[in-house]
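final-v8.txt (compact mmCIF, C-alpha atoms)
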# COMPACT_ATOMS: atom_id res chain seq x y z
CA VAL A 837 111.70 70.89 55.85
CA GLU A 838 109.01 68.32 55.06
CA THR A 839 108.72 65.94 52.12
CA VAL A 840 105.36 65.71 50.36
CA MET A 841 104.96 63.39 47.37
CA ALA A 842 108.09 63.97 45.22
CA TYR A 843 109.08 67.38 46.54
CA GLN A 844 110.15 69.15 49.71
CA ILE A 845 108.41 72.13 51.28
CA ASP A 846 111.02 74.27 53.00
CA ARG A 847 109.51 76.56 55.65
CA ARG A 848 112.75 78.29 56.59
CA THR A 849 113.23 82.04 56.18
CA PHE A 850 116.26 82.96 54.08
CA ILE A 851 117.14 86.27 55.68
CA LEU A 852 119.69 87.52 53.13
CA TYR A 853 117.18 87.48 50.28
CA GLU A 854 114.37 88.83 52.47
CA THR A 855 116.57 91.72 53.60
CA VAL A 856 117.74 92.57 50.08
CA GLU A 857 114.14 92.60 48.82
CA MET A 858 112.94 94.69 51.78
CA LEU A 859 115.66 97.30 51.26
CA TYR A 860 115.01 97.34 47.52
CA LYS A 861 111.33 98.06 48.04
CA TYR A 862 111.96 100.67 50.73
CA VAL A 863 114.63 102.56 48.74
CA ASN A 864 112.44 102.65 45.63
CA GLY A 865 109.25 103.62 47.46
CA ILE A 866 107.39 100.37 46.73
CA SER A 867 104.59 100.01 49.25
CA PHE A 868 103.14 96.68 50.36
CA CYS A 869 99.82 98.46 50.96
CA ASP A 870 99.83 99.70 47.35
CA ILE A 871 100.53 96.13 46.19
CA ALA A 872 97.62 94.85 48.29
CA GLU A 873 95.31 97.49 46.77
CA SER A 874 96.38 96.60 43.22
CA MET A 875 95.92 92.88 43.87
CA ALA A 876 92.46 93.46 45.36
CA ARG A 877 91.46 95.48 42.29
CA LEU A 878 92.73 92.82 39.90
CA TYR A 879 91.35 89.75 41.67
CA GLY A 880 88.45 90.93 43.84
CA ASP A 881 87.21 88.09 46.03
CA ALA A 882 89.90 85.78 44.61
CA PHE A 883 92.46 87.72 46.68
CA PRO A 884 91.60 86.67 50.25
CA ALA A 885 91.57 89.09 53.16
CA ALA A 886 94.30 87.03 54.85
CA PHE A 887 96.66 87.91 52.01
CA THR A 888 95.95 91.62 52.48
CA GLN A 889 96.66 91.22 56.20
CA ARG A 890 100.04 89.69 55.39
CA LEU A 891 100.99 92.63 53.20
CA GLN A 892 99.84 95.15 55.79
CA CYS A 893 101.99 93.41 58.40
CA LEU A 894 104.99 93.42 56.04
CA GLU A 895 104.49 97.15 55.43
CA ARG A 896 104.66 97.80 59.18
CA ILE A 897 107.72 95.59 59.62
CA SER A 898 109.52 97.20 56.68
CA ARG A 899 108.89 100.73 57.95
CA GLU A 900 110.06 99.87 61.47
CA VAL A 901 113.22 98.05 60.36
CA CYS A 902 114.20 100.67 57.75
CA ALA A 903 113.32 103.71 59.86
CA GLY A 904 116.96 104.80 60.21
CA LEU A 905 118.02 104.06 56.62
CA ASP A 906 119.37 107.02 54.61
CA VAL A 907 117.97 106.17 51.19
CA GLN A 908 120.08 108.90 49.53
CA ASN A 909 123.34 107.44 50.80
CA PRO A 910 125.49 106.76 47.68
CA THR A 911 126.31 103.19 48.77
CA VAL A 912 122.64 102.44 49.46
CA GLN A 913 121.72 103.88 46.06
CA ARG A 914 124.41 101.88 44.31
CA TYR A 915 123.18 98.57 45.62
CA PHE A 916 119.44 99.12 45.79
CA ARG A 917 118.29 101.70 43.25
CA ARG A 918 116.12 100.12 40.61
CA PHE A 919 117.53 99.32 37.18
CA GLU A 920 115.21 101.25 34.85
CA THR A 921 114.88 98.92 31.89
CA ASP A 922 111.57 97.55 30.67
CA ALA A 923 108.36 96.23 32.16
CA VAL A 924 109.57 92.65 32.32
CA ARG A 925 112.88 93.25 34.04
CA ASP A 926 112.26 96.45 36.00
CA ASN A 927 112.15 94.65 39.35
CA MET A 928 115.95 94.44 39.60
CA CYS A 929 118.83 96.22 41.34
CA LEU A 930 122.53 95.49 41.80
CA ALA A 931 122.07 93.76 45.17
CA LYS A 932 119.42 91.43 43.74
CA ALA A 933 121.54 90.68 40.68
CA MET A 934 124.45 89.77 43.00
CA THR A 935 122.38 87.34 45.06
CA LEU A 936 119.30 86.06 43.22
CA SER A 937 121.23 85.30 40.02
CA PHE A 938 122.83 82.25 41.62
CA PHE A 939 119.50 80.95 42.95
CA LEU A 940 121.16 79.14 45.84
CA TYR A 941 118.91 79.36 48.92
CA GLU A 942 121.27 77.17 50.92
CA ALA A 943 121.47 78.79 54.37
CA PRO A 944 118.96 80.89 56.34
CA GLU A 945 121.78 82.90 57.99
CA PRO A 946 123.09 85.76 55.80
CA GLU A 947 126.78 85.22 56.61
CA GLU A 948 126.56 81.52 55.75
CA GLU A 949 124.65 82.21 52.53
CA VAL A 950 127.29 84.75 51.48
CA ARG A 951 129.94 82.04 51.98
CA HIS A 952 127.96 79.72 49.68
CA LEU A 953 127.59 82.49 47.08
CA LYS A 954 131.36 83.03 47.04
CA GLU A 955 131.99 79.31 46.65
CA ARG A 956 129.55 79.10 43.74
CA TRP A 957 131.19 82.06 41.98
CA ARG A 958 134.67 80.49 42.37
CA CYS A 959 133.36 77.18 41.02
CA MET A 960 131.74 78.88 38.03
CA GLN A 961 134.94 80.77 37.26
CA ARG A 962 136.93 77.52 37.31
CA GLN A 963 134.48 75.60 35.13
CA GLY A 964 133.43 78.43 32.84
CA PHE A 965 129.86 79.51 32.10
CA ARG A 966 127.68 81.29 29.60
CA LEU A 967 125.03 83.95 30.08
CA GLY A 968 121.45 83.59 28.92
CA ASP A 969 119.62 86.82 29.70
CA MET A 970 118.67 89.12 32.55
CA SER A 971 115.27 88.17 33.97
CA ILE A 972 113.18 89.04 37.03
CA SER A 973 115.41 86.67 39.01
CA GLY A 974 118.70 88.17 37.84
CA LEU A 975 121.36 86.95 35.43
CA GLU A 976 120.73 83.54 33.89
CA PHE A 977 123.96 81.58 34.29
CA ARG A 978 124.31 78.36 32.30
CA PRO A 979 127.10 75.74 32.17
CA LEU A 980 129.24 75.56 29.05
CA GLU A 981 128.04 73.08 26.47
CA PRO A 982 130.44 70.23 25.50
CA GLY A 983 133.25 71.66 23.41
CA GLN A 984 132.12 75.25 23.93
CA GLU A 985 134.94 77.74 24.43
CA ARG A 986 135.09 79.95 27.50
CA ARG A 987 134.43 83.64 26.91
CA SER A 988 135.64 86.51 29.03
CA LEU A 989 133.29 88.26 31.43
CA VAL A 990 133.60 91.38 29.27
CA ASP A 991 132.45 89.49 26.17
CA LEU A 992 129.59 87.78 28.01
CA LEU A 993 128.21 91.02 29.40
CA TYR A 994 128.79 92.87 26.13
CA GLY A 995 126.46 90.40 24.44
CA LEU A 996 123.75 90.81 27.10
CA ASN A 997 120.54 92.50 25.94
CA TYR A 998 120.60 95.12 28.69
CA PRO A 999 121.31 98.86 28.96
CA ALA A 1000 125.02 99.69 28.69
CA GLU A 1001 125.23 101.56 32.02
CA TYR A 1002 123.99 98.52 33.93
CA ARG A 1003 126.20 96.11 32.00
CA LEU A 1004 129.18 98.22 33.04
CA GLU A 1005 128.03 98.20 36.66
CA LEU A 1006 127.61 94.42 36.56
CA LEU A 1007 131.08 94.05 35.03
CA GLN A 1008 132.67 96.17 37.76
CA THR A 1009 130.84 94.22 40.46
CA LEU A 1010 131.44 90.70 39.13
CA SER A 1011 135.12 91.51 38.49
CA HIS A 1012 135.46 92.09 42.25
CA TYR A 1013 132.54 89.95 43.34
CA GLU A 1014 133.70 88.79 46.76
CA GLN A 1015 134.66 92.31 47.90
CA ALA A 1016 131.35 93.69 46.61
CA LEU A 1017 129.43 90.92 48.38
CA ASP A 1018 131.25 91.65 51.65
CA ALA A 1019 130.35 95.34 51.31
CA LEU A 1020 126.71 94.45 50.66
CA LEU A 1021 126.60 92.17 53.70
CA GLU A 1022 128.15 94.87 55.91
CA LEU A 1023 125.53 97.36 54.73
CA ALA A 1024 122.58 94.95 55.10
CA ALA A 1025 123.58 93.14 58.32
CA PRO A 1026 122.01 95.55 60.87
CA TYR A 1027 118.71 95.49 58.99
CA ALA A 1028 118.92 91.71 58.57
CA ARG A 1029 119.17 91.22 62.32
CA GLN A 1030 116.19 93.50 62.98
CA LEU A 1031 114.15 91.85 60.24
CA GLU A 1032 114.91 88.36 61.54
CA ALA A 1033 113.71 89.36 65.02
CA GLN A 1034 110.52 90.88 63.63
CA LEU A 1035 109.72 87.84 61.48
CA GLU A 1036 110.31 85.47 64.40
CA GLY A 1037 107.59 87.40 66.23
CA GLU A 1038 105.26 87.10 63.24
CA SER A 1039 105.86 83.44 62.36
CA TRP A 1040 102.27 83.16 61.07
CA LEU A 1041 103.32 85.05 57.93
CA LEU A 1042 105.43 82.22 56.54
CA GLU A 1043 103.47 79.39 58.15
CA SER A 1044 100.15 80.48 56.64
CA THR A 1045 101.79 80.89 53.21
CA ALA A 1046 103.32 77.39 53.37
CA ASP A 1047 100.03 75.88 54.62
CA TYR A 1048 98.14 77.48 51.73
CA TRP A 1049 100.47 76.10 49.09
CA GLN A 1050 100.76 72.67 50.65
CA THR A 1051 96.99 72.42 50.20
CA GLN A 1052 97.25 73.55 46.57
CA PHE A 1053 99.92 70.94 45.83
CA THR A 1054 97.59 68.08 46.80
CA GLY A 1055 97.24 65.82 43.79
CA THR A 1056 99.53 67.82 41.52
CA SER A 1057 103.16 68.95 41.40
CA PRO A 1058 104.86 72.33 41.87
CA SER A 1059 106.07 72.13 38.25
CA GLN A 1060 102.52 71.77 36.92
CA LEU A 1061 101.18 74.55 39.12
CA VAL A 1062 104.02 76.93 38.33
CA GLN A 1063 103.51 76.34 34.61
CA LEU A 1064 99.79 77.05 35.09
CA ILE A 1065 100.42 80.21 37.09
CA ALA A 1066 103.20 81.40 34.76
CA GLN A 1067 101.10 80.53 31.68
CA SER A 1068 104.25 78.91 30.38
CA GLN A 1069 104.71 76.04 27.95
CA GLU A 1070 108.42 75.84 28.71
CA THR A 1071 109.86 72.59 29.97
CA LEU A 1072 110.84 72.85 33.61
CA PRO A 1073 113.57 70.58 34.96
CA GLU A 1074 112.40 66.99 35.43
CA LEU A 1075 114.82 66.30 38.24
CA PRO A 1076 114.28 63.96 41.18
CA ASP A 1077 114.95 66.60 43.83
CA LYS A 1078 112.36 69.37 43.87
CA ARG A 1079 111.97 71.89 46.66
CA VAL A 1080 109.48 74.68 47.27
CA LEU A 1081 110.43 77.76 49.27
CA PHE A 1082 108.50 80.91 50.11
CA SER A 1083 109.35 84.60 50.15
CA LEU A 1084 107.63 87.26 52.23
CA MET A 1085 109.26 90.44 50.98
CA ASN A 1086 109.30 89.33 47.33
CA CYS A 1087 105.58 88.94 47.82
CA THR A 1088 104.44 88.79 44.19
CA GLY A 1089 107.39 86.77 42.93
CA ILE A 1090 107.28 83.35 41.28
CA LEU A 1091 110.87 82.28 40.73
CA TYR A 1092 112.15 78.98 39.36
CA ASP A 1093 115.17 77.64 37.52
CA LEU A 1094 114.94 76.40 33.95
CA ASN A 1095 116.22 73.12 32.57
CA ASP A 1096 119.75 74.22 31.64
CA GLU A 1097 120.43 76.86 34.27
CA TYR A 1098 123.55 76.48 36.41
CA SER A 1099 121.54 76.34 39.63
CA ALA A 1100 119.48 73.31 38.56
CA VAL A 1101 122.36 71.48 36.89
CA SER A 1102 124.79 71.90 39.79
CA ARG A 1103 122.23 70.94 42.45
CA GLY A 1104 120.70 68.10 40.47
CA GLY A 1105 117.32 69.45 41.49
CA SER A 1106 114.92 72.28 40.84
CA THR A 1107 113.82 75.07 43.16
CA PHE A 1108 110.60 77.08 43.26
CA VAL A 1109 110.25 80.28 45.30
CA ILE A 1110 106.69 81.55 45.68
CA GLY A 1111 105.77 84.96 47.10
CA CYS A 1112 103.31 85.29 49.98
CA ALA A 1113 100.84 87.35 47.90
CA VAL A 1114 100.63 84.83 45.04
CA THR A 1115 97.42 82.80 44.89
CA ILE A 1116 96.41 79.86 42.74
CA HIS A 1117 94.44 82.40 40.67
CA SER A 1118 97.50 84.56 40.05
CA THR A 1119 99.62 84.69 36.94
CA ILE A 1120 103.05 86.25 36.66
CA ARG A 1121 101.61 88.71 34.18
CA LYS A 1122 98.70 89.69 36.45
CA VAL A 1123 100.85 89.77 39.56
CA GLY A 1124 102.90 92.52 37.94
CA GLY A 1125 99.77 94.55 37.24
CA SER A 1126 100.83 97.75 38.99
CA VAL A 1127 100.21 101.15 37.44
CA GLU A 1128 103.95 101.53 36.80
CA ARG A 1129 104.28 98.19 35.03
CA THR A 1130 101.10 98.71 33.03
CA CYS A 1131 102.41 102.05 31.75
CA ALA A 1132 105.75 100.45 30.85
CA ILE A 1133 104.02 97.70 28.84
CA LEU A 1134 101.84 100.23 27.03
CA ARG A 1135 104.93 102.26 26.08
CA SER A 1136 106.67 99.13 24.88
CA ILE A 1137 103.89 97.78 22.63
CA SER A 1138 103.40 101.24 21.08
CA ASP A 1139 106.60 100.43 19.16
CA ARG A 1140 105.57 99.73 15.56
CA SER A 1141 107.67 96.57 15.19
CA LYS A 1142 106.21 94.92 18.31
CA PHE A 1143 102.72 95.91 17.22
CA GLU A 1144 103.24 94.38 13.76
CA VAL A 1145 104.66 91.17 15.26
CA LEU A 1146 101.52 90.79 17.37
CA GLN A 1147 99.37 91.34 14.27
CA ARG A 1148 101.28 88.79 12.19
CA LEU A 1149 101.30 86.14 14.91
CA GLY A 1150 97.60 86.72 15.50
CA ALA A 1151 96.99 85.58 11.94
CA GLU A 1152 99.51 82.74 11.76
CA ARG A 1153 102.11 81.18 14.03
CA SER A 1154 105.72 81.65 13.02
CA TYR A 1155 109.33 81.63 14.23
CA GLY A 1156 111.97 84.31 14.68
CA GLN A 1157 114.11 83.86 11.58
CA LYS A 1158 111.10 83.86 9.25
CA LEU A 1159 109.58 86.93 10.90
CA ALA A 1160 112.92 88.75 10.70
CA GLU A 1161 113.15 88.08 6.97
CA GLU A 1162 109.55 89.05 6.29
CA MET A 1163 109.78 92.29 8.27
CA GLU A 1164 113.40 93.03 7.22
CA ILE A 1165 114.55 93.24 10.83
CA ASN A 1166 117.88 92.10 12.25
CA PRO A 1167 117.43 88.54 13.66
CA GLY A 1168 118.91 89.58 17.01
CA GLN A 1169 116.44 92.43 17.32
CA MET A 1170 113.57 90.12 16.35
CA SER A 1171 114.66 87.64 19.03
CA ARG A 1172 114.54 90.41 21.65
CA ILE A 1173 111.08 91.51 20.47
CA LEU A 1174 109.73 87.96 20.72
CA VAL A 1175 111.22 87.35 24.17
CA THR A 1176 109.83 90.66 25.45
CA LEU A 1177 106.32 89.98 24.13
CA PHE A 1178 106.45 86.42 25.46
CA ASN A 1179 107.48 87.67 28.89
CA TYR A 1180 104.55 90.09 28.88
CA GLY A 1181 102.32 87.06 28.33
CA PHE A 1182 101.25 88.35 24.90
CA LEU A 1183 102.68 85.34 23.05
CA THR A 1184 102.59 81.59 23.57
CA ARG A 1185 105.37 79.43 22.22
CA GLU A 1186 105.89 75.79 21.39
CA GLN A 1187 109.18 74.05 20.75
CA GLU A 1188 109.48 71.77 17.75
CA GLN A 1189 112.94 70.24 17.47
CA SER A 1190 115.33 73.21 17.79
CA ARG A 1191 112.85 75.93 16.78
CA TYR A 1192 110.35 77.98 18.83
CA TYR A 1193 107.02 78.79 17.16
CA TYR A 1194 105.13 81.79 18.50
CA THR A 1195 101.43 82.66 18.44
CA THR A 1196 99.67 85.77 19.73
CA ASN A 1197 97.88 85.04 23.02
CA LYS A 1198 94.67 86.95 22.33
CA GLU A 1199 93.09 86.00 25.65
CA SER A 1200 96.08 87.33 27.61
CA ILE A 1201 96.10 90.61 25.65
CA SER A 1202 92.39 91.07 26.32
CA ALA A 1203 92.97 90.36 30.01
CA PHE A 1204 95.78 92.93 30.13
CA PHE A 1205 93.57 95.69 28.75
CA ARG A 1206 90.80 94.75 31.16
CA GLN A 1207 93.33 95.03 33.99
CA ALA A 1208 94.51 98.38 32.64
CA GLN A 1209 90.92 99.58 32.68
CA GLN A 1210 90.51 98.40 36.27
CA LEU A 1211 93.63 100.27 37.33
CA LEU A 1212 92.41 103.40 35.54
CA THR A 1213 88.84 103.36 36.78
CA GLY A 1214 89.00 101.23 39.92
CA ARG A 1215 86.28 98.91 38.63
CA ALA A 1216 85.88 96.02 36.23
CA GLU A 1217 84.18 96.32 32.86
CA GLN A 1218 80.46 95.75 33.14
Could you quickly redo this structure as structure tokens?
Amino acid sequence: VETVMAYQIDRRTFILYETVEMLYKYVNGISFCDIAESMARLYGDAFPAAFTQRLQCLERISREVCAGLDVQNPTVQRYFRRFETDAVRDNMCLAKAMTLSFFLYEAPEPEEEVRHLKERWRCMQRQGFRLGDMSISGLEFRPLEPGQERRSLVDLLYGLNYPAEYRLELLQTLSHYEQALDALLELAAPYARQLEAQLEGESWLLESTADYWQTQFTGTSPSQLVQLIAQSQETLPELPDKRVLFSLMNCTGILYDLNDEYSAVSRGGSTFVIGCAVTIHSTIRKVGGSVERTCAILRSISDRSKFEVLQRLGAERSYGQKLAEEMEINPGQMSRILVTLFNYGFLTREQEQSRYYYTTNKESISAFFRQAQQLLTGRAEQ
């Protein structure tokens, strides 16, 4: 771990999260070589050859480590099959929800990290918590606000904007969290040991990623760069302790905690996790530019309500309650529409007092359709 300016760059490999992501990709047939090809199409020369080499190496490692895995095993499927939801949150499975949601990254060793996860869950149960949403980094846990009453886990998950079958699975798992975590560790441990040995022999993977980003952070901060890459106007935690970590298997991920999330509040600091295939020219929206995700976004915006929201906000900025009244839509449904379109990158938002104002991001929409054309034809528009 080294301190640069006002943040720490942590070059350690957190094997539990790397193993979970590797198994998730392998079980769901997600190829690092396919990711490299998609990134090269989207970015051309802005996606360096060294990044492609990393992904090719990870593909080899993943295939060797997972060679004996029975992907149809019911337990493997339970923990690692993808939650089929929408284009924003389709990169999730039960194992990732059980681990990433807490955003700990305390110990490189899986057994030690599992101990920390159990301690965090016990602490949260004692203190109480609320649920924000389900995002690409799992459940968003937040501390209770002053005077706020505790709600049962059933009530919290019932109110989550997520398919009922997965809410039930999350309820069953979190109700017996420590046993479920032990079962996950037992399943993943043999692959974790093999993966750790492989990565020790390919130390250049993480070192070259950390070297690249340390150069990018010269003269600016991780918060500023993450906001640039994420195309986000949200306020990230302004906390004294900032740390930057890197992920190999979650190669296109850009994960960070928000101002009021449990992870940032309890640590008193913010954490950024950057995937090894992310470049300074990437955006979260472009990084997800696979054929599968593109098709999911196209299906989603074909919904008449989302389409009309984009039209209205292209003409004039507005906020959720007003849009709901004008379009005669339930405010809760309108909130979900706005969050979905924002997460696609199709909206920008600004906070004024306690209200979010949204505007259609015409440049981002144009970029999406150019990317869709590239994926369809294999070449950029002339």
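Rounded to one decimal, CA of Met928 in chain A and CA of Asp870 in chain A lie 18.6 Å from each other.
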Shell of 10 Å around Ser1083 in chain A, all atoms listed in the file, local chain residues under 3 positions omitted, as a list in words: Arg847, Arg848, Thr849, Phe850, Ile851, Tyr853, Glu854, Glu857, Leu1041, Leu1042, Thr1045, Ala1046, Asn1086, Cys1087, Thr1088, Gly1089, Ile1090, Leu1091, Val1109, Ile1110, Gly1111, Cys1112 and Ala1113 of chain A
Those selected residues, please, written with C-alpha atoms and delivered as a PDB file, in the frame of the given file.
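Done, and the output landed in result_14.pdb:
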ATOM      1  CA  ARG A 847     109.510  76.560  55.650  1.00  0.00           C
ATOM      2  CA  ARG A 848     112.750  78.290  56.590  1.00  0.00           C
ATOM      3  CA  THR A 849     113.230  82.040  56.180  1.00  0.00           C
ATOM      4  CA  PHE A 850     116.260  82.960  54.080  1.00  0.00           C
ATOM      5  CA  ILE A 851     117.140  86.270  55.680  1.00  0.00           C
ATOM      6  CA  TYR A 853     117.180  87.480  50.280  1.00  0.00           C
ATOM      7  CA  GLU A 854     114.370  88.830  52.470  1.00  0.00           C
ATOM      8  CA  GLU A 857     114.140  92.600  48.820  1.00  0.00           C
ATOM      9  CA  LEU A1041     103.320  85.050  57.930  1.00  0.00           C
ATOM     10  CA  LEU A1042     105.430  82.220  56.540  1.00  0.00           C
ATOM     11  CA  THR A1045     101.790  80.890  53.210  1.00  0.00           C
ATOM     12  CA  ALA A1046     103.320  77.390  53.370  1.00  0.00           C
ATOM     13  CA  ASN A1086     109.300  89.330  47.330  1.00  0.00           C
ATOM     14  CA  CYS A1087     105.580  88.940  47.820  1.00  0.00           C
ATOM     15  CA  THR A1088     104.440  88.790  44.190  1.00  0.00           C
ATOM     16  CA  GLY A1089     107.390  86.770  42.930  1.00  0.00           C
ATOM     17  CA  ILE A1090     107.280  83.350  41.280  1.00  0.00           C
ATOM     18  CA  LEU A1091     110.870  82.280  40.730  1.00  0.00           C
ATOM     19  CA  VAL A1109     110.250  80.280  45.300  1.00  0.00           C
ATOM     20  CA  ILE A1110     106.690  81.550  45.680  1.00  0.00           C
ATOM     21  CA  GLY A1111     105.770  84.960  47.100  1.00  0.00           C
ATOM     22  CA  CYS A1112     103.310  85.290  49.980  1.00  0.00           C
ATOM     23  CA  ALA A1113     100.840  87.350  47.900  1.00  0.00           C
TER      24      ALA A1113
END
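In this comparison, which uses all atoms listed in the file, the residue of A:Met1085, A:Gln913, A:Gln1060, A:Glu1188 approaching Arg896 in chain A most closely is A:Met1085.
CA of Leu1149 in chain A is positioned 15.6 Å from CA of Ile1165 in chain A.
Ranking A:Ile897, A:Ala876, A:Leu1035, A:Ala1100 by their shortest atom-to-atom distance to Phe938 in chain A, with only C-alpha atoms included, puts A:Ala1100 first.
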Interatomic distance between CA of Arg1079 in chain A and CA of Tyr843 in chain A? 5.4 Å
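If you measure from each of A:Gln1008, A:Gln1147, A:Gln963, A:Ser1057 to Lys1198 in chain A using all atoms listed in the file, the closest one turns out to be A:Gln1147.
With distances taken over all atoms listed in the file, A:Arg966 is the one residue among A:Arg1185, A:Arg1103, A:Arg966, A:Arg1003 lying closest to Arg987 in chain A.
Of the residues listed (A:Thr911, A:Thr1184, A:Thr1107, A:Thr1054), A:Thr911 shows the shortest atom-to-atom separation from Ala1016 in chain A; distances use all atoms listed in the file.
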So for range 911-920 of chain A, what box centre and size do we get, axis-aligned, 8 Å extra on each of the six sides, every listed atom, Å to one decimal, as JSON?
{"center_x": 120.8, "center_y": 101.2, "center_z": 42.2, "size_x": 27.1, "size_y": 21.3, "size_z": 30.6}
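For Cys929 in chain A, the non-local neighbours within 6 Å, defined as residues at least 6 positions apart in the same chain or in other chains and counting all atoms listed in the file, are Phe916, Arg917, Arg918 and Phe919 of chain A.
Of the residues listed (A:Thr935, A:Ser1099, A:Gln1050, A:Gln1209), A:Thr935 shows the shortest atom-to-atom separation from Leu1021 in chain A; distances use only C-alpha atoms.
The list of residues within 10 Å of (119.4, 73.9, 52.6), counted using only C-alpha atoms, is Val837, Asp846, Arg848, Phe850, Leu940, Tyr941, Glu942, Ala943, Pro944, Glu949 and Arg1079 of chain A.
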